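See below for the structure under consideration.
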Amino acid sequence: MSTAGFETLSSFQMDVLKEVGNIGAGNAATALAKMLNKKIDMKVPKIMVMQFSEVGELLGEAEEMVVGILLGVQGDMHGSIMFVLDMDATKLMVNMMFVKPLDTALEFDDMTRSAIQELGNILAGSYLSALSTLTNMNIMPDVPSLAIDMAGAVMSVPAIMQAKASDTVLYIENEFIDGKNKILGDLFLIPDEDSYAVMMKALGVG
Amino acid sequence: MDEVVKVGMADWKITTHPGTLMTLGLGSCVGICIYETKKKIIGMAHVMLPDSLAVRSNSNRAKFADTAIPDMVDAMVLAGAERKNLTAKIAGGAQMFAYTSNSDIMRVGARNADASRDTLRTLRIALIADDTGGTYGRTIEFESTNGALMIKTIGHGVHYL
């Protein structure tokens with residue numbers, strides 16, 4: 001028996017999803033380290049299920065500006081994956097990518113936007129390859145799309161995608177560390193209604 | 001003493017003078033604000049999807065335009081509002097991402113706004129201001145004193161409806 005609502009997850013199912021998060025974050029730290037040519041550490045990610053009413057305040061204030069990177073998921077399962085980074089994390093990552101002083105102010109020109117999209121590709125690829133390994137499914141991200149706006153408005157998108165099936169969203173809270181700099185970001189995993197059961201079954205917990 | 005009550009996603013609230021209702025960071029969701037002009041009763045609904053009948057998981061009536069708006073109006077009437085004195089303003093319904101492979105979500109903002117207008121028409125409530133669409137988020141604040149709706153954005157200014 002399986003519904004598409006994350007609110008019904010058992011602690012065993014949560015553990016399995018946590019493992020996806022762990023391996024994904026590990027892959028992401030390795031990929032970021034390679035790209036930035038730096039040592040990147042990570043904290044064990046936290047996996048959370050949250051009611052819609054609280055979603056806007058996830059990274060702080062609902063009105064705070066954040067960057068959202070949304071990618072469709074194709075292959076043996078369908079859905080979407082979205083990263084949300086706060087402005088500090090975005091500034092840090094973009095400046096590292098362009099080898100600029102870390103406190104250089106962000107300007108959202110075409111170069112910066114494509115750097116952020118590339119970051120989305122790398123992070124999404126890391127998590128989807130973890131999910132792919134654990135499920136033996138063939139899963140790929142498609143083209144990333146950006147939104148730079150109020151946190152509540154950006155995060156309403158995964159919530160609405162999930163709203164047909166449930167009143168909650170599932171997200172993974174990540175923390176990557178470069179020396180004394182912390183990079184905080186949230187990852188939303190949004191399987192389509194039909195793919196939720198497919199994913200849980202492939203993880204052996206459906 | 002001004003009391004400000006926040007309305008979260010998939011929720012609606014009503015209040016009386018001198019209260020204020022607000023929603024922070026509306027994206028593709030739509031905020032429907034209804035004002036009782038004589039008794040200064042206000043209501044704000046924050047809907048996520050247009051149509052409860054199109055969805056299997058529809059027990060949360062506050063999530064949908066077609067169920068949230070009538071429920072809120074009923075509550076306003078119960079609180080003393082007269083239907084003939086109701087006017088409405090709506091905001092939100094943006095498209096936050098330029099592209100997604102999920103075609104359903106692409107137009108959900110516009111569909112939420114359409115469904116809100118349709119529901120208000122069915123309830124015979126006059127829609128007197130409409131700030132929907134675009135590609136940016138909105139914070140809205142609705143005042144019971146005069147029914148003014150303040151809309152704040154990042155990069156698109158602040159204005160009143």
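Numbering starts fresh at 1 for the residues of each chain in the structure tokens, the chains themselves are lettered A, B, ... in the order given, and ligands are numbered from 1 as they appear.
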Using 8 Å as the limit and counting only C-alpha atoms, can you tabulate each residue of chain B that touches chain A, with its shortest atom-to-atom distance in Å and the two atoms involved, as a Markdown table?
```
| residue | atom | partner | partner_atom | distance |
| --- | --- | --- | --- | --- |
| B:Gly8 | CA | A:Ser53 | CA | 4.6 |
| B:Met9 | CA | A:Ser53 | CA | 4.8 |
| B:Ala10 | CA | A:Ser53 | CA | 6.8 |
| B:Asp11 | CA | A:Ser53 | CA | 7.5 |
| B:Leu24 | CA | A:Ala62 | CA | 5.7 |
| B:Gly25 | CA | A:Gly152 | CA | 4.4 |
| B:Leu26 | CA | A:Ala153 | CA | 4.9 |
| B:Gly27 | CA | A:Ala153 | CA | 3.7 |
| B:Ser28 | CA | A:Ser156 | CA | 6.9 |
| B:Cys29 | CA | A:Ser156 | CA | 7.2 |
| B:Met48 | CA | A:Ile160 | CA | 5.9 |
| B:Leu49 | CA | A:Ile160 | CA | 7.1 |
| B:Val55 | CA | A:Lys164 | CA | 5.7 |
| B:Arg56 | CA | A:Lys164 | CA | 7.0 |
| B:Ser57 | CA | A:Ala165 | CA | 5.4 |
| B:Asn58 | CA | A:Lys164 | CA | 7.7 |
| B:Asn60 | CA | A:Asp167 | CA | 7.9 |
| B:Lys63 | CA | A:Ala163 | CA | 8.0 |
| B:Met96 | CA | A:Ala147 | CA | 5.9 |
| B:Phe97 | CA | A:Ala147 | CA | 5.5 |
| B:Ala98 | CA | A:Ser145 | CA | 6.5 |
| B:Tyr99 | CA | A:Ser145 | CA | 5.8 |
| B:Thr100 | CA | A:Gly72 | CA | 6.5 |
| B:Ser101 | CA | A:Gly72 | CA | 5.7 |
| B:Asn102 | CA | A:Gly72 | CA | 7.1 |
| B:Ile105 | CA | A:Met161 | CA | 6.7 |
| B:Tyr136 | CA | A:Asp149 | CA | 6.6 |
| B:Gly137 | CA | A:Ala153 | CA | 5.1 |
| B:Arg138 | CA | A:Ala153 | CA | 7.4 |
| B:Thr139 | CA | A:Glu63 | CA | 7.3 |
| B:Ile154 | CA | A:Asp149 | CA | 6.7 |
```
Using only C-alpha atoms, which protein or nucleic acid residues come within 8 Å of Ile122 in chain A? Drop anything in the same chain fewer than 4 positions from it, and give the result as a VMD selection string. chain A and resid 28 31 to 32 118 126
Generate the output file for the selected residues, N, CA and C atoms, as a compact mmCIF listing (two decimals), in the first residue's frame.
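Dumped everything to out.txt:
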```
# COMPACT_ATOMS: atom_id res chain seq x y z
N ALA A 28 27.92 15.21 -4.13
CA ALA A 28 27.92 16.65 -4.41
C ALA A 28 29.19 17.31 -3.87
N ALA A 31 31.98 16.45 -6.20
CA ALA A 31 31.87 17.17 -7.47
C ALA A 31 32.23 18.64 -7.29
N LEU A 32 31.78 19.25 -6.19
CA LEU A 32 32.09 20.66 -5.93
C LEU A 32 33.59 20.83 -5.71
N GLU A 118 24.80 25.78 -13.93
CA GLU A 118 25.79 24.70 -13.94
C GLU A 118 25.88 24.07 -12.55
N SER A 126 24.40 14.82 -8.74
CA SER A 126 24.93 14.12 -7.57
C SER A 126 23.84 13.34 -6.84
```
According to DSSP computed on the backbone, where in range 71-182 of chain A is there helix (DSSP H, G or I)? Give the residues as a ChimeraX atom specification. /A:87-97,110-135,151-163
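The nearest approach to Ala115 in chain A among the residues A:Pro101, A:Gly179, A:Asn95, A:Leu134, with only C-alpha atoms taken into account, belongs to A:Asn95.
Proximity to Met22 in chain B was assessed for B:Lys152, B:Arg61, B:His159, B:Arg121 counting only C-alpha atoms; the smallest distance is recorded for B:Lys152.
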Give me the residues within 12 Å of Leu102 in chain A as a list in words, counting only C-alpha atoms and dropping any in the same chain fewer than 5 places off. Asp88, Ala89, Thr90, Lys91, Leu92, Met93, Val94, Asn95, Met96, Met97, Asp178 and Asn181 of chain A
Go ahead and write the selection's residues with N, CA and C atoms as a compact mmCIF listing (two decimals), in the first residue's frame.
```
# COMPACT_ATOMS: atom_id res chain seq x y z
N ASP A 88 23.89 34.37 0.60
CA ASP A 88 25.27 34.18 1.05
C ASP A 88 25.90 32.97 0.37
N ALA A 89 25.15 31.86 0.35
CA ALA A 89 25.66 30.64 -0.27
C ALA A 89 25.89 30.84 -1.76
N THR A 90 24.96 31.53 -2.41
CA THR A 90 25.07 31.76 -3.85
C THR A 90 26.30 32.63 -4.16
N LYS A 91 26.46 33.69 -3.39
CA LYS A 91 27.59 34.60 -3.59
C LYS A 91 28.91 33.84 -3.45
N LEU A 92 28.98 33.04 -2.40
CA LEU A 92 30.20 32.28 -2.12
C LEU A 92 30.53 31.33 -3.27
N MET A 93 29.52 30.57 -3.70
CA MET A 93 29.74 29.58 -4.76
C MET A 93 30.14 30.25 -6.06
N VAL A 94 29.40 31.32 -6.44
CA VAL A 94 29.67 31.98 -7.72
C VAL A 94 31.07 32.60 -7.69
N ASN A 95 31.43 33.24 -6.58
CA ASN A 95 32.76 33.84 -6.49
C ASN A 95 33.87 32.79 -6.52
N MET A 96 33.60 31.64 -5.91
CA MET A 96 34.58 30.54 -5.97
C MET A 96 34.73 30.05 -7.41
N MET A 97 33.59 29.93 -8.09
CA MET A 97 33.64 29.44 -9.48
C MET A 97 34.43 30.38 -10.38
N ASP A 178 33.66 24.87 3.38
CA ASP A 178 34.98 25.13 2.80
C ASP A 178 35.73 25.95 3.85
N ASN A 181 33.94 28.78 5.71
CA ASN A 181 32.72 29.19 5.00
C ASN A 181 31.71 28.05 4.94
```
So that I can check the surroundings of Lys13 in chain B, please list as a list of chain:residue names every protein, DNA and RNA residue that reaches within 8 Å of it, counting only C-alpha atoms and ignoring chain neighbours fewer than 3 positions away.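 Non-adjacent residues within range: B:Val7, B:Leu21, B:Gly43, B:Met44, B:Ala45, B:Met72.
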Take the residues from that selection and write them out as a PDB file, in the first residue's frame, keeping C-alpha atoms.
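selection.pdb written:
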```pdb
ATOM      1  CA  VAL B   7      -2.084  33.616   6.276  1.00  0.00           C
ATOM      2  CA  LEU B  21      -4.164  40.189   7.167  1.00  0.00           C
ATOM      3  CA  GLY B  43     -10.872  37.791   4.693  1.00  0.00           C
ATOM      4  CA  MET B  44      -7.774  36.519   2.884  1.00  0.00           C
ATOM      5  CA  ALA B  45      -7.397  33.105   1.237  1.00  0.00           C
ATOM      6  CA  MET B  72     -14.220  31.881   3.648  1.00  0.00           C
TER       7      MET B  72
END
```
Between A:Leu17, A:Leu128, A:Phe12, A:Val205, which is the closest to Met77 in chain A once you count only C-alpha atoms?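 Using only C-alpha atoms, Met77 in chain A sits closest to A:Leu128.
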Taking only C-alpha atoms into account, name the residue in A:Thr30, A:Ser132, A:Asn174, A:Gln162 that is nearest to Tyr196 in chain A.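 Result for the nearest residue to Tyr196 in chain A: A:Gln162.
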For Met14 in chain A: contacts at 12 Å, only C-alpha atoms, fewer than 2 positions along chain excluded, given as a PyMOL selection string: chain A and resi 6-12+16-21+46-49+170-172+200+203+205-206
Mind checking DSSP for chain B and telling me the strand (DSSP E) residues as a ChimeraX atom specification? /B:4-6,11-16,20-26,30-36,41-47,86-92,126-132,138-143,149-152,158-160
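A straight line drawn from CA of Tyr127 in chain A to CA of Gly26 in chain A is 8.9 Å long.
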